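S.K.: Once you've had a glance at the structure underneath, I'll fire off some questions.
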Amino acid sequence: MEQQLQLNEHNKQEYPPMHTVEHILNRTMMNLFVCGRAVSAHIEKKKSKCDYLLAEAPTKEQLQKVEQCVNDIIKQNLPVTFDYISKEEACDKFDMKRLPDHASETVRVVHVGDYDDCLCVGLHVKNTSEIGQFVIVSHDYTEGRLRIRFKLKE
């Protein structure tokens, strides 16, 4: 008898390309700045923003590198896949701070190729080739918080 997965309900309708690029941006920031994933994010179809905690403001060159790295990953046409694991298993692999207290015992892991793995219940593209070009529209840095505003171009 096949067991049916019990997952948390999700009340958002994200724009899949923008949501997937948020995952790529998060991993890129972690790789380049050794920081955590975004501490807050507002993801919309036309323009989105993510906030990161950094010890100092990034240079213009560093932000250009972020943009280039994100676009390089997009161009690799990576598959976006999902796995389901127990919350107990997830504790050993993922930061559980943002998981709701009432989270189900089964959680979903989103994989962007072999580049990023993250717990997530949101909507995503099937392949990074569906995203388009990532563009940093603006940024600001105040009191240890970097805000990056970005959009996608087809």
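Each chain in the structure tokens gets a letter, A, B, ..., in the order shown, and its residues are numbered from 1; ligands are numbered from 1 in order too.
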Pick out the residues sitting within 6 Å of region 41-49 of chain A, and hand them over as an NGL selection string; count only C-alpha atoms, and ignore anything fewer than 2 positions along from it in its own chain.
M.R.: :A and (15 or 148-151)
S.K.: Where in chain A does DSSP assign alpha helix (DSSP H), given as a PyMOL selection string?
M.R.: chain A and resi 16-33+60-75+87-91
S.K.: Could those residues be written to a file, using N, CA and C atoms, as a compact mmCIF listing (two decimals), in the first residue's frame?
M.R.:
```txt
# COMPACT_ATOMS: atom_id res chain seq x y z
N PRO A 16 7.06 31.09 -10.64
CA PRO A 16 8.11 30.08 -10.56
C PRO A 16 9.52 30.52 -11.01
N PRO A 17 9.69 31.23 -12.14
CA PRO A 17 11.05 31.63 -12.50
C PRO A 17 11.71 32.51 -11.43
N MET A 18 10.95 33.45 -10.88
CA MET A 18 11.52 34.37 -9.88
C MET A 18 11.83 33.62 -8.58
N HIS A 19 10.98 32.69 -8.21
CA HIS A 19 11.20 31.95 -6.98
C HIS A 19 12.43 31.05 -7.10
N THR A 20 12.60 30.42 -8.27
CA THR A 20 13.77 29.57 -8.46
C THR A 20 15.05 30.40 -8.48
N VAL A 21 15.00 31.58 -9.10
CA VAL A 21 16.21 32.41 -9.12
C VAL A 21 16.55 32.90 -7.71
N GLU A 22 15.54 33.04 -6.85
CA GLU A 22 15.82 33.39 -5.45
C GLU A 22 16.70 32.31 -4.82
N HIS A 23 16.41 31.05 -5.09
CA HIS A 23 17.23 29.95 -4.55
C HIS A 23 18.66 30.05 -5.08
N ILE A 24 18.79 30.33 -6.37
CA ILE A 24 20.13 30.46 -6.97
C ILE A 24 20.87 31.65 -6.37
N LEU A 25 20.19 32.78 -6.20
CA LEU A 25 20.80 33.96 -5.59
C LEU A 25 21.25 33.65 -4.16
N ASN A 26 20.41 32.98 -3.40
CA ASN A 26 20.78 32.64 -2.03
C ASN A 26 22.05 31.81 -1.97
N ARG A 27 22.14 30.78 -2.80
CA ARG A 27 23.34 29.94 -2.80
C ARG A 27 24.56 30.74 -3.26
N THR A 28 24.38 31.60 -4.24
CA THR A 28 25.49 32.42 -4.74
C THR A 28 26.00 33.34 -3.63
N MET A 29 25.09 33.97 -2.91
CA MET A 29 25.49 34.85 -1.80
C MET A 29 26.22 34.05 -0.73
N MET A 30 25.72 32.87 -0.42
CA MET A 30 26.38 32.02 0.57
C MET A 30 27.79 31.65 0.11
N ASN A 31 27.94 31.31 -1.16
CA ASN A 31 29.24 30.92 -1.69
C ASN A 31 30.22 32.08 -1.71
N LEU A 32 29.76 33.26 -2.15
CA LEU A 32 30.66 34.40 -2.32
C LEU A 32 30.94 35.17 -1.03
N PHE A 33 29.98 35.23 -0.14
CA PHE A 33 30.12 36.07 1.06
C PHE A 33 30.11 35.27 2.36
N LYS A 60 31.02 47.33 -5.89
CA LYS A 60 30.33 47.25 -7.18
C LYS A 60 30.77 46.00 -7.93
N GLU A 61 32.06 45.71 -7.88
CA GLU A 61 32.62 44.54 -8.56
C GLU A 61 32.07 43.24 -7.97
N GLN A 62 31.92 43.20 -6.66
CA GLN A 62 31.38 42.00 -6.02
C GLN A 62 29.92 41.77 -6.43
N LEU A 63 29.15 42.84 -6.52
CA LEU A 63 27.76 42.69 -6.94
C LEU A 63 27.65 42.30 -8.41
N GLN A 64 28.57 42.80 -9.23
CA GLN A 64 28.61 42.37 -10.63
C GLN A 64 28.93 40.88 -10.72
N LYS A 65 29.80 40.43 -9.82
CA LYS A 65 30.14 39.00 -9.78
C LYS A 65 28.93 38.17 -9.36
N VAL A 66 28.14 38.65 -8.40
CA VAL A 66 26.91 37.97 -8.00
C VAL A 66 26.01 37.79 -9.21
N GLU A 67 25.77 38.89 -9.92
CA GLU A 67 24.90 38.85 -11.10
C GLU A 67 25.44 37.86 -12.13
N GLN A 68 26.73 37.90 -12.38
CA GLN A 68 27.35 37.01 -13.37
C GLN A 68 27.24 35.55 -12.93
N CYS A 69 27.50 35.27 -11.67
CA CYS A 69 27.43 33.89 -11.18
C CYS A 69 26.01 33.34 -11.27
N VAL A 70 25.02 34.14 -10.90
CA VAL A 70 23.62 33.70 -10.99
C VAL A 70 23.29 33.39 -12.44
N ASN A 71 23.67 34.25 -13.36
CA ASN A 71 23.38 34.02 -14.79
C ASN A 71 24.14 32.82 -15.33
N ASP A 72 25.35 32.59 -14.85
CA ASP A 72 26.11 31.40 -15.28
C ASP A 72 25.38 30.12 -14.87
N ILE A 73 24.83 30.10 -13.67
CA ILE A 73 24.07 28.92 -13.21
C ILE A 73 22.81 28.74 -14.04
N ILE A 74 22.09 29.83 -14.29
CA ILE A 74 20.87 29.76 -15.11
C ILE A 74 21.19 29.14 -16.47
N LYS A 75 22.30 29.57 -17.08
CA LYS A 75 22.68 29.11 -18.42
C LYS A 75 23.07 27.63 -18.47
N LYS A 87 11.33 15.36 8.80
CA LYS A 87 11.84 16.54 9.50
C LYS A 87 13.10 16.17 10.28
N GLU A 88 13.10 14.99 10.84
CA GLU A 88 14.26 14.52 11.60
C GLU A 88 15.50 14.45 10.71
N GLU A 89 15.34 13.90 9.51
CA GLU A 89 16.44 13.85 8.54
C GLU A 89 16.90 15.25 8.16
N ALA A 90 15.93 16.15 7.97
CA ALA A 90 16.23 17.52 7.55
C ALA A 90 17.06 18.27 8.59
N CYS A 91 16.85 17.96 9.86
CA CYS A 91 17.59 18.64 10.94
C CYS A 91 19.11 18.50 10.78
```
S.K.: Would you mind telling me which residue in A:Val34, A:Lys126, A:Tyr52, A:Asp117 lies nearest to Pro79 (chain A) when using only C-alpha atoms?
M.R.: A:Lys126
S.K.: List as a list of chain:residue names the protein and nucleic acid residues near Arg147 (chain A), meaning an atom at most 8 Å away when only C-alpha atoms are counted, but skip any in the same chain fewer than 5 places from it.
M.R.: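 The residues satisfying every condition are A:Lys49, A:Cys50, A:Asp51, A:Tyr52, A:His139, A:Asp140, A:Tyr141.
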S.K.: As a PyMOL selection string, please: every residue in chain A that DSSP puts in strand (DSSP E).
M.R.: chain A and resi 40-42+48-53+80-86+106-112+116-119+133-142+145-153
S.K.: Compare A:Thr142, A:Ser40, A:Thr59, A:Asn77 by their minimum atom-to-atom distance to Val125 (chain A), counting only C-alpha atoms, and give me the closest one.
M.R.: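 Residue with the minimum atom-to-atom distance to Val125 (chain A): A:Asn77.
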S.K.: Find the residues around Lys97 (chain A) up to 12 Å (only C-alpha atoms counted), leave out those fewer than 6 positions away in its own chain, and share them as a PyMOL selection string.
M.R.: chain A and resi 36-37+39+90-91+103+119
S.K.: Can I get the selected residues back with N, CA, C and O atoms, as a PDB file, in the first residue's frame?
M.R.:
```
ATOM      1  N   GLY A  36      24.461  33.627   5.396  1.00  0.00           N
ATOM      2  CA  GLY A  36      23.321  32.728   5.326  1.00  0.00           C
ATOM      3  C   GLY A  36      22.424  33.088   4.157  1.00  0.00           C
ATOM      4  O   GLY A  36      22.670  34.037   3.418  1.00  0.00           O
ATOM      5  N   ARG A  37      21.352  32.311   4.014  1.00  0.00           N
ATOM      6  CA  ARG A  37      20.336  32.615   3.018  1.00  0.00           C
ATOM      7  C   ARG A  37      19.689  33.946   3.386  1.00  0.00           C
ATOM      8  O   ARG A  37      19.912  34.472   4.473  1.00  0.00           O
ATOM      9  N   VAL A  39      17.595  36.819   4.885  1.00  0.00           N
ATOM     10  CA  VAL A  39      16.858  36.902   6.146  1.00  0.00           C
ATOM     11  C   VAL A  39      15.436  37.376   5.906  1.00  0.00           C
ATOM     12  O   VAL A  39      14.565  37.180   6.750  1.00  0.00           O
ATOM     13  N   ALA A  90      15.935  16.147   7.971  1.00  0.00           N
ATOM     14  CA  ALA A  90      16.232  17.519   7.546  1.00  0.00           C
ATOM     15  C   ALA A  90      17.063  18.267   8.587  1.00  0.00           C
ATOM     16  O   ALA A  90      17.887  19.109   8.229  1.00  0.00           O
ATOM     17  N   CYS A  91      16.854  17.958   9.858  1.00  0.00           N
ATOM     18  CA  CYS A  91      17.594  18.641  10.939  1.00  0.00           C
ATOM     19  C   CYS A  91      19.108  18.504  10.780  1.00  0.00           C
ATOM     20  O   CYS A  91      19.851  19.399  11.158  1.00  0.00           O
ATOM     21  N   ALA A 103       5.088  22.652  11.232  1.00  0.00           N
ATOM     22  CA  ALA A 103       5.470  21.970   9.994  1.00  0.00           C
ATOM     23  C   ALA A 103       5.164  20.478  10.070  1.00  0.00           C
ATOM     24  O   ALA A 103       5.271  19.861  11.132  1.00  0.00           O
ATOM     25  N   LEU A 119      14.943  23.545   1.818  1.00  0.00           N
ATOM     26  CA  LEU A 119      13.580  23.189   2.186  1.00  0.00           C
ATOM     27  C   LEU A 119      12.651  24.249   1.610  1.00  0.00           C
ATOM     28  O   LEU A 119      12.884  25.443   1.782  1.00  0.00           O
TER      29      LEU A 119
END
```
S.K.: Kindly indicate which residue among A:Leu152, A:Arg145, A:Ser86, A:Gln76 lies nearest to Ser129 (chain A), using only C-alpha atoms for the distances.
M.R.: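 Among the listed residues, A:Gln76 lies closest to Ser129 (chain A).
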S.K.: My list of candidates is A:Gly144, A:Gly132, A:Gly122, A:Gly113. Which is closest to Glu56 (chain A) when distances are computed with only C-alpha atoms?
M.R.: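 So, comparing all the options, the nearest one is A:Gly144.
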S.K.: Expressed in Å to a single decimal, how great is the separation between CA of Val121 (chain A) and CA of Phe134 (chain A)?
M.R.: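 Taking CA of Val121 (chain A) and CA of Phe134 (chain A), their separation equals 22.4 Å.
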S.K.: Just checking: using only C-alpha atoms, which residue out of A:Val112, A:Leu53, A:Leu123, A:Met96 ends up closest to Gln13 (chain A)?
M.R.: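 With only C-alpha atoms as the atom set, the closest residue is A:Leu123.
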S.K.: What's the separation between CA of Thr128 (chain A) and CA of Arg98 (chain A), in Å to one decimal place?
M.R.: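 Here the two named atoms are 24.8 Å from each other.
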S.K.: Restricting the calculation to only C-alpha atoms, which member of A:Ile136, A:Val80, A:Ile131, A:Cys35 is positioned closest to Val110 (chain A)?
M.R.: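 So, comparing all the options, the nearest one is A:Val80.
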S.K.: Work out how far CA of His124 (chain A) is from CA of Asp83 (chain A), in Å to one decimal.
M.R.: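 So the answer is 13.4 Å.
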